[in-house]
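Data block for query15.txt (compact mmCIF, C-alpha atoms):
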```txt
# COMPACT_ATOMS: atom_id res chain seq x y z
CA MET M 1 -8.99 69.46 -0.91
CA ALA M 2 -7.37 66.05 -0.54
CA ASP M 3 -4.39 65.81 1.81
CA HIS M 4 -1.41 64.42 -0.07
CA SER M 5 1.09 64.80 2.76
CA HIS M 6 0.24 61.27 3.90
CA LEU M 7 -0.82 58.06 2.22
CA PRO M 8 -4.34 56.89 2.95
CA PRO M 9 -4.40 53.95 5.42
CA GLN M 10 -2.80 50.85 3.88
CA ASP M 11 -3.31 47.27 5.01
CA TRP M 12 0.14 46.31 3.78
CA ILE M 13 1.79 48.99 5.95
CA ASP M 14 -0.16 47.92 9.02
CA ALA M 15 0.42 44.19 8.45
CA ALA M 16 2.48 42.42 11.11
CA PRO M 17 5.27 41.27 8.72
CA THR M 18 5.79 44.85 7.46
CA ARG M 19 5.85 46.21 10.98
CA ALA M 20 8.38 43.57 12.00
CA VAL M 21 10.77 44.50 9.18
CA ILE M 22 10.52 48.25 9.82
CA ALA M 23 10.97 47.72 13.56
CA ALA M 24 14.10 45.65 12.94
CA LEU M 25 15.63 48.38 10.76
CA GLU M 26 14.71 51.22 13.10
CA ALA M 27 16.15 49.34 16.06
CA ALA M 28 19.50 49.45 14.27
CA GLY M 29 19.35 52.87 12.61
CA GLY M 30 16.86 54.96 14.54
CA ALA M 31 13.68 56.67 13.43
CA ASP M 32 13.40 57.44 9.71
CA CYS M 33 16.30 55.19 8.74
CA ALA M 34 13.93 53.32 6.43
CA ARG M 35 11.16 54.42 4.07
CA PHE M 36 8.90 52.65 1.62
CA VAL M 37 9.81 53.64 -1.91
CA GLY M 38 8.76 53.41 -5.54
CA GLY M 39 5.84 51.41 -6.84
CA CYS M 40 4.23 50.53 -3.53
CA VAL M 41 4.08 54.23 -2.58
CA ARG M 42 2.91 55.36 -6.01
CA ASP M 43 0.18 52.72 -6.19
CA ALA M 44 -0.98 53.44 -2.63
CA LEU M 45 -1.28 57.12 -3.49
CA LEU M 46 -3.39 56.23 -6.55
CA GLY M 47 -5.51 53.61 -4.80
CA ARG M 48 -4.11 50.82 -6.97
CA THR M 49 -2.59 48.60 -4.30
CA ARG M 50 -2.87 44.87 -5.05
CA ALA M 51 -3.01 41.94 -2.67
CA ASP M 52 0.35 40.74 -4.01
CA GLN M 53 1.90 44.22 -3.92
CA ASP M 54 5.70 44.24 -3.98
CA ILE M 55 7.04 46.19 -1.02
CA ASP M 56 10.35 47.98 -1.55
CA ILE M 57 12.17 49.73 1.27
CA ALA M 58 15.04 52.21 1.06
CA THR M 59 17.35 52.54 4.05
CA ARG M 60 20.36 54.45 5.31
CA LEU M 61 21.75 51.18 6.69
CA THR M 62 24.47 49.42 4.72
CA PRO M 63 23.71 45.92 3.43
CA GLU M 64 25.80 44.46 6.26
CA GLU M 65 23.93 46.52 8.84
CA THR M 66 20.61 45.56 7.29
CA THR M 67 21.50 41.87 7.40
CA ALA M 68 22.60 42.06 11.02
CA ALA M 69 19.47 44.00 12.01
CA LEU M 70 17.16 41.45 10.41
CA LYS M 71 18.95 38.51 11.98
CA ARG M 72 18.79 40.10 15.44
CA ALA M 73 15.03 40.37 14.98
CA GLY M 74 14.79 36.71 14.00
CA LEU M 75 14.03 37.49 10.35
CA ARG M 76 15.62 35.83 7.36
CA ALA M 77 17.99 37.93 5.23
CA ILE M 78 18.85 36.90 1.65
CA PRO M 79 21.71 38.70 -0.16
CA THR M 80 19.87 39.08 -3.49
CA GLY M 81 21.94 42.03 -4.76
CA VAL M 82 24.56 43.03 -2.22
CA GLU M 83 26.79 44.76 -4.80
CA HIS M 84 23.88 47.11 -5.50
CA GLY M 85 22.87 47.35 -1.87
CA THR M 86 19.89 45.02 -1.89
CA ILE M 87 18.93 42.52 0.80
CA THR M 88 15.63 40.64 0.72
CA ALA M 89 13.97 40.18 4.09
CA ILE M 90 11.51 37.35 4.65
CA ALA M 91 8.87 37.92 7.33
CA ASP M 92 6.03 35.44 7.70
CA HIS M 93 6.87 34.06 4.23
CA ARG M 94 6.54 37.52 2.63
CA PRO M 95 9.53 39.11 0.83
CA PHE M 96 10.61 42.73 1.33
CA GLU M 97 13.34 44.15 -0.90
CA ILE M 98 15.52 46.47 1.18
CA THR M 99 18.09 48.62 -0.63
CA THR M 100 20.67 51.00 0.80
CA LEU M 101 20.43 54.59 -0.43
CA ARG M 102 22.62 54.93 -3.54
CA ARG M 103 24.13 57.32 -5.99
CA ASP M 104 25.51 56.42 -9.40
CA VAL M 105 29.26 56.49 -9.78
CA GLU M 106 29.48 55.15 -13.33
CA THR M 107 26.94 54.08 -15.99
CA ASP M 108 27.30 52.62 -19.48
CA GLY M 109 23.72 52.47 -20.73
CA ARG M 110 23.15 48.95 -19.42
CA ARG M 111 24.30 48.82 -15.80
CA ALA M 112 25.52 51.15 -13.07
CA VAL M 113 28.32 51.19 -10.53
CA VAL M 114 26.88 52.64 -7.33
CA ALA M 115 28.12 54.07 -4.08
CA PHE M 116 26.10 54.11 -0.89
CA THR M 117 24.90 57.39 0.56
CA GLN M 118 22.99 58.78 3.53
CA ASP M 119 21.19 61.35 1.41
CA TRP M 120 17.59 60.68 0.40
CA ASN M 121 17.81 63.34 -2.30
CA GLU M 122 20.80 61.63 -3.94
CA ASP M 123 18.90 58.36 -3.97
CA ALA M 124 15.89 60.04 -5.59
CA ALA M 125 18.06 61.77 -8.19
CA ARG M 126 19.21 58.45 -9.71
CA ARG M 127 15.67 57.08 -10.23
CA ASP M 128 13.93 57.06 -13.59
CA PHE M 129 10.64 58.97 -13.25
CA ARG M 130 9.43 61.44 -10.68
CA LEU M 131 6.33 59.38 -9.82
CA ASN M 132 8.68 56.48 -8.96
CA ALA M 133 10.85 58.67 -6.70
CA LEU M 134 8.28 58.85 -3.90
CA TYR M 135 9.01 57.73 -0.34
CA ALA M 136 6.75 57.11 2.64
CA GLU M 137 7.56 56.68 6.30
CA ALA M 138 6.00 53.92 8.37
CA ASP M 139 3.25 56.32 9.49
CA GLY M 140 2.36 57.06 5.86
CA ARG M 141 4.03 60.47 5.71
CA LEU M 142 5.02 61.19 2.10
CA HIS M 143 8.32 62.56 0.83
CA ASP M 144 8.68 63.89 -2.72
CA PRO M 145 12.36 64.86 -3.18
CA THR M 146 12.01 65.79 -6.87
CA GLY M 147 9.13 68.12 -6.12
CA GLY M 148 6.95 66.73 -8.89
CA GLY M 149 6.30 63.06 -8.13
CA ILE M 150 3.01 63.43 -6.29
CA ALA M 151 1.57 65.82 -8.88
CA ASP M 152 2.77 63.61 -11.75
CA ALA M 153 1.20 60.48 -10.27
CA LEU M 154 -2.14 62.19 -9.70
CA ALA M 155 -2.16 63.79 -13.16
CA GLY M 156 -0.91 60.72 -15.05
CA ARG M 157 2.32 62.34 -16.23
CA ILE M 158 5.44 60.26 -16.88
CA VAL M 159 8.32 62.70 -16.43
CA PHE M 160 11.97 61.77 -16.08
CA VAL M 161 13.92 62.83 -13.01
CA GLY M 162 16.19 65.58 -14.32
CA GLU M 163 17.23 65.62 -17.98
CA PRO M 164 15.60 62.80 -20.00
CA GLU M 165 18.65 62.17 -22.21
CA ILE M 166 20.93 61.85 -19.18
CA ARG M 167 18.56 59.38 -17.51
CA ILE M 168 18.26 57.34 -20.71
CA ARG M 169 22.01 57.23 -21.40
CA GLU M 170 22.44 55.75 -17.90
CA ASP M 171 20.22 52.82 -18.89
CA TYR M 172 18.61 52.57 -22.32
CA LEU M 173 15.93 50.28 -20.94
CA ARG M 174 14.35 53.46 -19.56
CA ILE M 175 13.08 54.12 -23.08
CA LEU M 176 10.87 51.05 -22.85
CA ARG M 177 10.02 51.85 -19.24
CA PHE M 178 8.76 55.27 -20.34
CA PHE M 179 6.28 53.67 -22.73
CA ARG M 180 5.38 50.97 -20.21
CA PHE M 181 4.55 53.50 -17.48
CA HIS M 182 2.68 55.64 -19.98
CA ALA M 183 0.55 52.57 -20.80
CA TRP M 184 -0.20 51.84 -17.16
CA TYR M 185 -0.37 55.33 -15.62
CA GLY M 186 -0.31 57.93 -18.39
CA GLN M 187 -3.19 60.29 -19.08
CA GLY M 188 -3.39 62.74 -21.93
CA GLU M 189 -0.46 63.78 -24.08
CA PRO M 190 2.96 62.32 -23.21
CA ASP M 191 5.74 64.53 -21.89
CA ALA M 192 7.28 66.13 -24.99
CA ALA M 193 10.87 66.21 -23.67
CA ALA M 194 10.70 62.56 -22.68
CA LEU M 195 9.26 61.52 -26.04
CA ALA M 196 11.90 63.45 -27.97
CA ALA M 197 14.69 61.86 -25.95
CA CYS M 198 13.29 58.38 -26.51
CA ALA M 199 13.16 59.00 -30.26
CA ALA M 200 16.67 60.44 -30.39
CA LEU M 201 18.23 57.57 -28.44
CA ALA M 202 16.13 54.64 -29.70
CA THR M 203 19.11 52.82 -31.23
CA GLY M 204 20.60 52.51 -27.75
CA LEU M 205 18.10 49.70 -27.14
CA GLU M 206 20.23 47.53 -29.43
CA SER M 207 22.89 47.35 -26.71
CA LEU M 208 20.56 45.70 -24.20
CA SER M 209 20.14 42.00 -23.55
CA GLY M 210 17.15 40.29 -25.12
CA GLU M 211 15.91 39.09 -21.74
CA ARG M 212 15.63 42.63 -20.35
CA ILE M 213 13.80 43.88 -23.43
CA ALA M 214 11.39 40.93 -23.49
CA LYS M 215 10.53 41.30 -19.81
CA GLU M 216 9.82 45.02 -20.16
CA LEU M 217 7.91 44.60 -23.42
CA LEU M 218 5.59 41.97 -21.96
CA LYS M 219 4.93 44.18 -18.92
CA LEU M 220 3.97 46.97 -21.31
CA LEU M 221 1.68 44.70 -23.32
CA ALA M 222 0.01 43.50 -20.11
CA ALA M 223 -1.43 46.99 -19.50
CA PRO M 224 -5.23 47.23 -19.77
CA ASP M 225 -4.88 49.14 -23.06
CA PRO M 226 -1.31 49.45 -24.38
CA GLY M 227 -2.46 50.61 -27.82
CA SER M 228 -1.63 54.31 -27.48
CA SER M 229 1.82 53.57 -26.06
CA VAL M 230 2.62 51.13 -28.87
CA LYS M 231 1.54 53.73 -31.43
CA LEU M 232 3.89 56.24 -29.79
CA MET M 233 6.66 53.66 -29.99
CA ALA M 234 5.97 53.30 -33.70
CA GLU M 235 5.92 57.07 -34.28
CA THR M 236 9.26 57.56 -32.52
CA GLY M 237 11.04 54.67 -34.27
CA VAL M 238 11.38 52.70 -31.04
CA LEU M 239 9.10 49.90 -32.21
CA GLU M 240 10.96 49.36 -35.48
CA THR M 241 14.23 49.17 -33.53
CA LEU M 242 12.80 46.45 -31.30
CA LEU M 243 10.51 44.57 -33.69
CA PRO M 244 11.16 45.27 -37.36
CA GLY M 245 7.96 44.97 -39.37
CA ALA M 246 5.69 45.16 -36.31
CA ASP M 247 1.98 45.49 -37.19
CA VAL M 248 0.31 48.09 -34.97
CA THR M 249 -2.97 47.74 -36.89
CA ARG M 250 -3.21 44.02 -36.15
CA LEU M 251 -2.56 44.66 -32.48
CA GLY M 252 -5.21 47.38 -32.49
CA ALA M 253 -7.76 44.95 -33.90
CA LEU M 254 -6.99 42.44 -31.15
CA LEU M 255 -7.30 45.11 -28.44
CA ALA M 256 -10.63 46.23 -29.90
CA LEU M 257 -11.90 42.65 -29.83
CA GLU M 258 -10.85 42.21 -26.21
CA ASP M 259 -12.89 45.27 -25.33
CA ILE M 260 -15.96 44.36 -27.39
CA ALA M 261 -16.07 40.69 -26.35
CA SER M 262 -14.87 41.27 -22.76
CA LEU M 263 -11.90 38.93 -23.22
CA ASP M 264 -9.13 38.85 -20.65
CA PRO M 265 -5.95 40.71 -21.66
CA ASP M 266 -3.20 38.39 -22.85
CA ALA M 267 0.24 40.01 -23.17
CA GLU M 268 1.76 37.05 -25.01
CA LEU M 269 -1.00 36.90 -27.62
CA ARG M 270 -0.76 40.67 -28.00
CA LEU M 271 2.93 40.18 -28.81
CA SER M 272 1.90 37.58 -31.39
CA ALA M 273 -0.50 40.09 -32.98
CA LEU M 274 2.25 42.71 -33.06
CA LEU M 275 4.71 40.44 -34.87
CA PRO M 276 4.49 39.82 -38.61
CA PRO M 277 2.68 36.45 -39.15
CA VAL M 278 5.76 34.89 -40.72
CA LYS M 279 7.39 31.95 -38.97
CA ASP M 280 10.95 32.86 -39.93
CA MET M 281 10.51 36.35 -38.49
CA VAL M 282 8.87 35.03 -35.32
CA THR M 283 11.76 32.62 -34.90
CA GLU M 284 14.27 35.45 -35.35
CA VAL M 285 12.51 37.68 -32.80
CA SER M 286 12.27 34.81 -30.34
CA LYS M 287 15.99 34.21 -30.69
CA ARG M 288 16.90 37.88 -30.35
CA LEU M 289 14.71 38.36 -27.28
CA ARG M 290 15.82 35.00 -25.88
CA LEU M 291 12.21 34.00 -25.25
CA ALA M 292 11.51 30.85 -23.28
CA ASN M 293 10.82 27.82 -25.49
CA ILE M 294 7.23 27.58 -24.29
CA LEU M 295 6.53 31.17 -25.41
CA LYS M 296 8.42 30.72 -28.68
CA THR M 297 6.31 27.63 -29.44
CA ARG M 298 3.11 29.51 -28.62
CA LEU M 299 4.03 32.37 -30.95
CA LEU M 300 4.90 29.98 -33.77
CA ASN M 301 1.66 28.02 -33.33
CA ALA M 302 -0.32 31.25 -33.56
CA VAL M 303 1.17 32.21 -36.93
CA ASP M 304 -0.94 29.80 -39.01
CA PRO M 305 -4.49 31.00 -39.71
CA TRP M 306 -7.70 29.41 -38.44
CA ALA M 307 -8.27 26.49 -40.81
CA GLU M 308 -11.46 24.84 -39.52
CA GLU M 309 -15.01 25.57 -40.54
CA LEU M 310 -16.87 28.12 -38.41
CA THR M 311 -18.94 25.64 -36.44
CA ASP M 312 -18.75 24.30 -32.92
CA GLN M 313 -17.62 20.98 -34.38
CA GLY M 314 -14.85 22.82 -36.24
CA ALA M 315 -13.75 24.36 -32.96
CA ARG M 316 -13.63 20.94 -31.35
CA ARG M 317 -11.55 19.59 -34.23
CA ALA M 318 -9.11 22.47 -33.77
CA VAL M 319 -8.80 21.80 -30.04
CA TYR M 320 -8.09 18.14 -30.74
CA ALA M 321 -5.56 18.81 -33.49
CA LEU M 322 -3.75 21.79 -31.98
CA ARG M 323 -4.39 21.56 -28.23
CA PRO M 324 -6.56 24.17 -26.47
CA GLN M 325 -4.04 27.03 -26.26
CA ALA M 326 -3.06 27.05 -29.94
CA ALA M 327 -6.67 26.60 -31.05
CA ALA M 328 -7.82 29.50 -28.88
CA ASP M 329 -4.96 31.72 -30.06
CA ARG M 330 -5.67 31.15 -33.75
CA LEU M 331 -9.38 31.65 -33.19
CA ARG M 332 -8.94 34.91 -31.28
CA LEU M 333 -6.63 36.34 -33.93
CA ALA M 334 -9.02 35.31 -36.71
CA TRP M 335 -11.94 36.75 -34.76
CA SER M 336 -10.14 40.08 -34.37
CA ALA M 337 -9.66 40.22 -38.16
CA ALA M 338 -13.38 39.58 -38.82
CA PRO M 339 -15.18 40.72 -35.64
CA LEU M 340 -18.67 40.81 -37.22
CA GLU M 341 -18.75 37.06 -37.93
CA PRO M 342 -21.55 35.84 -35.61
CA ALA M 343 -20.16 32.33 -35.11
CA TRP M 344 -17.04 33.36 -33.18
CA PRO M 345 -18.46 33.64 -29.62
CA SER M 346 -19.81 30.10 -29.69
CA LEU M 347 -16.55 28.76 -31.14
CA TRP M 348 -14.57 30.66 -28.51
CA SER M 349 -16.64 29.04 -25.78
CA GLU M 350 -15.85 25.61 -27.22
CA THR M 351 -12.10 26.27 -27.17
CA GLN M 352 -12.34 27.34 -23.54
CA THR M 353 -14.53 24.54 -22.19
CA TRP M 354 -14.42 21.48 -24.46
CA ARG M 355 -11.71 18.87 -23.99
CA PRO M 356 -11.44 15.71 -26.12
CA PRO M 357 -12.59 12.43 -24.61
CA ALA M 358 -10.18 9.52 -24.62
CA PHE M 359 -9.82 7.81 -28.00
CA PRO M 360 -11.95 4.66 -27.59
CA ILE M 361 -9.58 2.27 -29.44
CA THR M 362 -6.28 0.98 -28.07
CA GLY M 363 -3.35 -0.73 -29.70
CA GLU M 364 -4.40 -3.94 -27.98
CA ASP M 365 -7.79 -3.74 -29.69
CA ILE M 366 -6.06 -3.63 -33.07
CA LYS M 367 -3.59 -6.42 -32.27
CA ALA M 368 -6.49 -8.59 -31.06
CA ARG M 369 -7.72 -8.57 -34.67
CA GLY M 370 -4.58 -10.35 -35.85
CA LEU M 371 -2.32 -7.41 -36.72
CA VAL M 372 1.26 -7.38 -35.48
CA GLU M 373 3.41 -4.48 -34.31
CA GLY M 374 4.44 -2.18 -37.12
CA PRO M 375 3.22 0.43 -39.61
CA GLU M 376 0.00 -1.45 -40.28
CA ILE M 377 -1.28 -0.86 -36.77
CA GLY M 378 -0.64 2.86 -37.13
CA ARG M 379 -2.40 2.96 -40.49
CA ILE M 380 -5.49 1.17 -39.18
CA ARG M 381 -5.54 3.40 -36.11
CA ARG M 382 -5.52 6.50 -38.30
CA ILE M 383 -8.49 5.18 -40.30
CA VAL M 384 -10.51 4.77 -37.11
CA GLU M 385 -9.28 8.11 -35.75
CA ASP M 386 -10.31 9.93 -38.94
CA TRP M 387 -13.80 8.43 -38.60
CA TRP M 388 -13.89 9.39 -34.90
CA ILE M 389 -12.97 13.02 -35.62
CA ALA M 390 -15.44 13.30 -38.51
CA ALA M 391 -18.16 11.81 -36.29
CA ASP M 392 -17.43 14.51 -33.65
CA PHE M 393 -15.62 12.36 -31.09
CA PRO M 394 -18.29 9.85 -30.03
CA THR M 395 -17.61 8.03 -26.77
CA ASP M 396 -19.52 4.88 -27.78
CA ARG M 397 -16.82 2.20 -27.88
CA THR M 398 -19.13 -0.24 -29.68
CA GLN M 399 -19.31 2.08 -32.69
CA ALA M 400 -15.56 2.50 -32.76
CA LEU M 401 -14.96 -1.25 -32.60
CA ALA M 402 -17.35 -1.74 -35.52
CA VAL M 403 -15.39 0.78 -37.58
CA LEU M 404 -12.16 -0.95 -36.57
CA ASP M 405 -13.51 -4.34 -37.69
CA ALA M 406 -14.56 -2.88 -41.03
CA ALA M 407 -11.12 -1.28 -41.53
CA VAL M 408 -9.32 -4.54 -40.74
CA LYS M 409 -11.61 -6.47 -43.06
CA ALA M 410 -11.07 -3.97 -45.91
CA ASP M 411 -7.32 -4.09 -45.35
CA ALA M 412 -7.28 -7.88 -45.52
CA ALA M 413 -9.30 -7.85 -48.74
CA SER M 414 -7.03 -5.35 -50.48
```

Represent the structure contained in this file as structure tokens.
Amino acid sequence: MADHSHLPPQDWIDAAPTRAVIAALEAAGGADCARFVGGCVRDALLGRTRADQDIDIATRLTPEETTAALKRAGLRAIPTGVEHGTITAIADHRPFEITTLRRDVETDGRRAVVAFTQDWNEDAARRDFRLNALYAEADGRLHDPTGGGIADALAGRIVFVGEPEIRIREDYLRILRFFRFHAWYGQGEPDAAALAACAALATGLESLSGERIAKELLKLLAAPDPGSSVKLMAETGVLETLLPGADVTRLGALLALEDIASLDPDAELRLSALLPPVKDMVTEVSKRLRLANILKTRLLNAVDPWAEELTDQGARRAVYALRPQAAADRLRLAWSAAPLEPAWPSLWSETQTWRPPAFPITGEDIKARGLVEGPEIGRIRRIVEDWWIAADFPTDRTQALAVLDAAVKADAAS
């Protein structure tokens, strides 16, 4: 039987920067004044640790004591969230988020007023899910104050700490976090009490800022297969609250294509598939979620259907007209709607690898033929460009100059 009293050996725990931070804290607060907490412990237990793993540390030290301890050890201390007890330590260019043990004093569904505590159990009691309320000492010894975190993590159960409705009313974002963690870690049927609470309190999401919702939603959609979680969101009314008119079927088709064609997951394109393909609605969602302009533009570009013929040349025309990202997005969405069309893989390869050569004609070439600055130059350029696109972007400048001469001659004769 596996021993779950300790984490298996972890490179990130044994790394010199981690050791330096823990040593600095223990020098100020004694043994067991600091423990690793949350995602880094959960992922280590499950064997999912990444090279860029975030390392969170909980401590009995106050923020002021933490800052002083780090500075005495020659480490940088950044006050990233002092009012909530958080100091970020920098050791060998690596960040460590260190937070004083806390208990909630007041919550309003969006934010909490906290008080510091010395009690590990109080700190665990304010966390969202039992698998996220796991702590580990520097030697890897595990602590599971809720009594169910280790078992939940191993079984793929997402269970709230305490009463689900109480946890959700403290911060309605926990509804989305439930579905996000179910997408990433869940196995089997979701916890019935949690699901019922999410459904009952779904309208509470309307009180949250768009930025918080967007960040959590994109994390959910970045899961290897978020389909089952999104369906649960639809069944509970959560999805309609967030994205009215969302199309789960269209998202499912895109996820199926990613699996069949071994395409990399793309959370932003998955969001595009989930939204109704109507520009006004995409604009409204982008505004409500306060999406960055670059993402809003990408979503709007993906609304229009694939308009080129299903040939490699058509794919190249799309890349030239739309730029590679928009061309690839429209192609992937069209491919997901008609996955049996045999031309798509070759077209996809073109959108990923082909880039237009430089247009062989310059404004100086046109002016050298007697035209002056103005609309005429633009019109002649478009004639040559249309030929160049139709001819599949030849790089032979001699050909292009011949077409230019013919266009100028025809213009003069008209």

For the point (20.5, 56.1, -18.6) in the file's frame, write as a ChimeraX atom specification all residues with an atom no more than 10 Å away, counting all atoms listed in the file.
/M:107-112,126-128,164-175,204

Work out where the centre of an axis-aligned box around every listed atom of region 340-355 of chain M lies and how long its edges are once 4 Å is added on each side; give both in Å to one decimal as AutoDock Vina command-line options.
```
--center_x -16.6 --center_y 29.8 --center_z -30.1 --size_x 17.8 --size_y 29.9 --size_z 23.7
```

Selection near region 315-322 of chain M, 7 Å with all atoms listed in the file, sequence-local residues under 3 positions removed, as a PyMOL selection string:
chain M and resi 308+311-312+326-327+347+350-351+354+356+389

Have a look at CA of Ala337 (chain M) and CA of Leu254 (chain M) and let me know their distance in Å, one decimal.
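Separation of CA of Ala337 (chain M) and CA of Leu254 (chain M): 7.8 Å.
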
Near Ala273 (chain M), counting only C-alpha atoms, which residues have an atom at most 8 Å away, once you skip same-chain residues fewer than 3 positions from it, shown as a list in words?
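Selected residues are Asp247, Arg250, Leu251, Leu254, Leu269, Arg270, Pro276, Pro277 and Leu333 of chain M.
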
Figure out the distance between CA of Phe359 (chain M) and CA of Asp396 (chain M), please, to one decimal in Å.
10.1 Å

Neighbour list for region 90-95 of chain M as a ChimeraX atom specification, cut-off 12 Å, all atoms listed in the file, skip fewer than 5 positions in-chain
/M:12,15-24,51-57,67,70-71,73-80

Which residue is closest to Ala133 (chain M)? Choose from M:Gln352, M:Thr146, M:Thr362, M:Ser207 and count only C-alpha atoms.
M:Thr146

Within 10 Å of (18.0, 42.4, -2.4), in the coordinates the file gives, what residues turn up when you count only C-alpha atoms, written out as a list of chain:residue names?
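Residues close enough to count: M:Asp56, M:Pro63, M:Ala77, M:Ile78, M:Pro79, M:Thr80, M:Gly81, M:Val82, M:Glu83, M:His84, M:Gly85, M:Thr86, M:Ile87, M:Thr88, M:Ala89, M:Pro95, M:Phe96, M:Glu97, M:Ile98, M:Thr99, M:Thr100.
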
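Here CA of Ala400 (chain M) and CA of Ile366 (chain M) stand 11.3 Å from one another.
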
Which of M:Ala214, M:Val161, M:Ala338, M:Ala412 sits closest to Ala292 (chain M) [using only C-alpha atoms]
M:Ala214

Smallest atom-to-atom distance to Leu331 (chain M): which of M:Gln313, M:Pro394, M:Asp304, M:Gly147, using all atoms listed in the file?
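Distance minimum relative to Leu331 (chain M) lands on M:Asp304.
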
Report as a PDB file with C-alpha atoms, keeping the file's coordinate frame all protein, DNA and RNA residues lying within 12 Å of Ile260 (chain M), evaluated on all atoms listed in the file, omitting residues in the same chain fewer than 3 positions from it.
```pdb
ATOM      1  CA  ALA M 253      -7.760  44.950 -33.900  1.00  0.00           C
ATOM      2  CA  LEU M 254      -6.990  42.440 -31.150  1.00  0.00           C
ATOM      3  CA  LEU M 255      -7.300  45.110 -28.440  1.00  0.00           C
ATOM      4  CA  ALA M 256     -10.630  46.230 -29.900  1.00  0.00           C
ATOM      5  CA  LEU M 257     -11.900  42.650 -29.830  1.00  0.00           C
ATOM      6  CA  LEU M 263     -11.900  38.930 -23.220  1.00  0.00           C
ATOM      7  CA  ASP M 264      -9.130  38.850 -20.650  1.00  0.00           C
ATOM      8  CA  TRP M 335     -11.940  36.750 -34.760  1.00  0.00           C
ATOM      9  CA  SER M 336     -10.140  40.080 -34.370  1.00  0.00           C
ATOM     10  CA  PRO M 339     -15.180  40.720 -35.640  1.00  0.00           C
ATOM     11  CA  LEU M 340     -18.670  40.810 -37.220  1.00  0.00           C
ATOM     12  CA  PRO M 345     -18.460  33.640 -29.620  1.00  0.00           C
TER      13      PRO M 345
END
```

Pick out the residues sitting within 12 Å of region 135-143 of chain M, and hand them over as an NGL selection string; count only C-alpha atoms, and ignore anything fewer than 3 positions along from it in its own chain.
:M and (3-15 or 18-23 or 25-26 or 31-45 or 55-59 or 101 or 120-121 or 123-124 or 127 or 130-132 or 146-150)

Could you check the closest approach to Arg180 (chain M) for each of M:Ala223, M:Ala155, M:Leu205, M:Gly314 and tell me which residue wins, using all atoms listed in the file?
M:Ala223

Fix up region 246-257 of chain M with N, CA and C atoms, then write it as a tab-separated table (two decimals), in the frame of the given file.
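So result.tsv came out as:
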```tsv
chain	number	residue	atom	x	y	z
M	246	ALA	N	6.82	45.31	-37.25
M	246	ALA	CA	5.69	45.16	-36.31
M	246	ALA	C	4.41	45.75	-36.91
M	247	ASP	N	3.27	45.12	-36.61
M	247	ASP	CA	1.98	45.49	-37.19
M	247	ASP	C	1.09	46.09	-36.10
M	248	VAL	N	1.11	47.41	-35.99
M	248	VAL	CA	0.31	48.09	-34.97
M	248	VAL	C	-1.18	47.93	-35.25
M	249	THR	N	-1.56	47.88	-36.53
M	249	THR	CA	-2.97	47.74	-36.89
M	249	THR	C	-3.53	46.42	-36.41
M	250	ARG	N	-2.76	45.35	-36.59
M	250	ARG	CA	-3.21	44.02	-36.15
M	250	ARG	C	-3.37	43.97	-34.64
M	251	LEU	N	-2.43	44.59	-33.93
M	251	LEU	CA	-2.56	44.66	-32.48
M	251	LEU	C	-3.81	45.46	-32.10
M	252	GLY	N	-4.04	46.57	-32.78
M	252	GLY	CA	-5.21	47.38	-32.49
M	252	GLY	C	-6.51	46.61	-32.66
M	253	ALA	N	-6.56	45.76	-33.68
M	253	ALA	CA	-7.76	44.95	-33.90
M	253	ALA	C	-7.97	43.96	-32.76
M	254	LEU	N	-6.88	43.38	-32.26
M	254	LEU	CA	-6.99	42.44	-31.15
M	254	LEU	C	-7.44	43.15	-29.88
M	255	LEU	N	-6.90	44.34	-29.62
M	255	LEU	CA	-7.30	45.11	-28.44
M	255	LEU	C	-8.77	45.50	-28.53
M	256	ALA	N	-9.22	45.87	-29.72
M	256	ALA	CA	-10.63	46.23	-29.90
M	256	ALA	C	-11.54	45.03	-29.61
M	257	LEU	N	-11.11	43.86	-30.08
M	257	LEU	CA	-11.90	42.65	-29.83
M	257	LEU	C	-11.98	42.35	-28.34
```
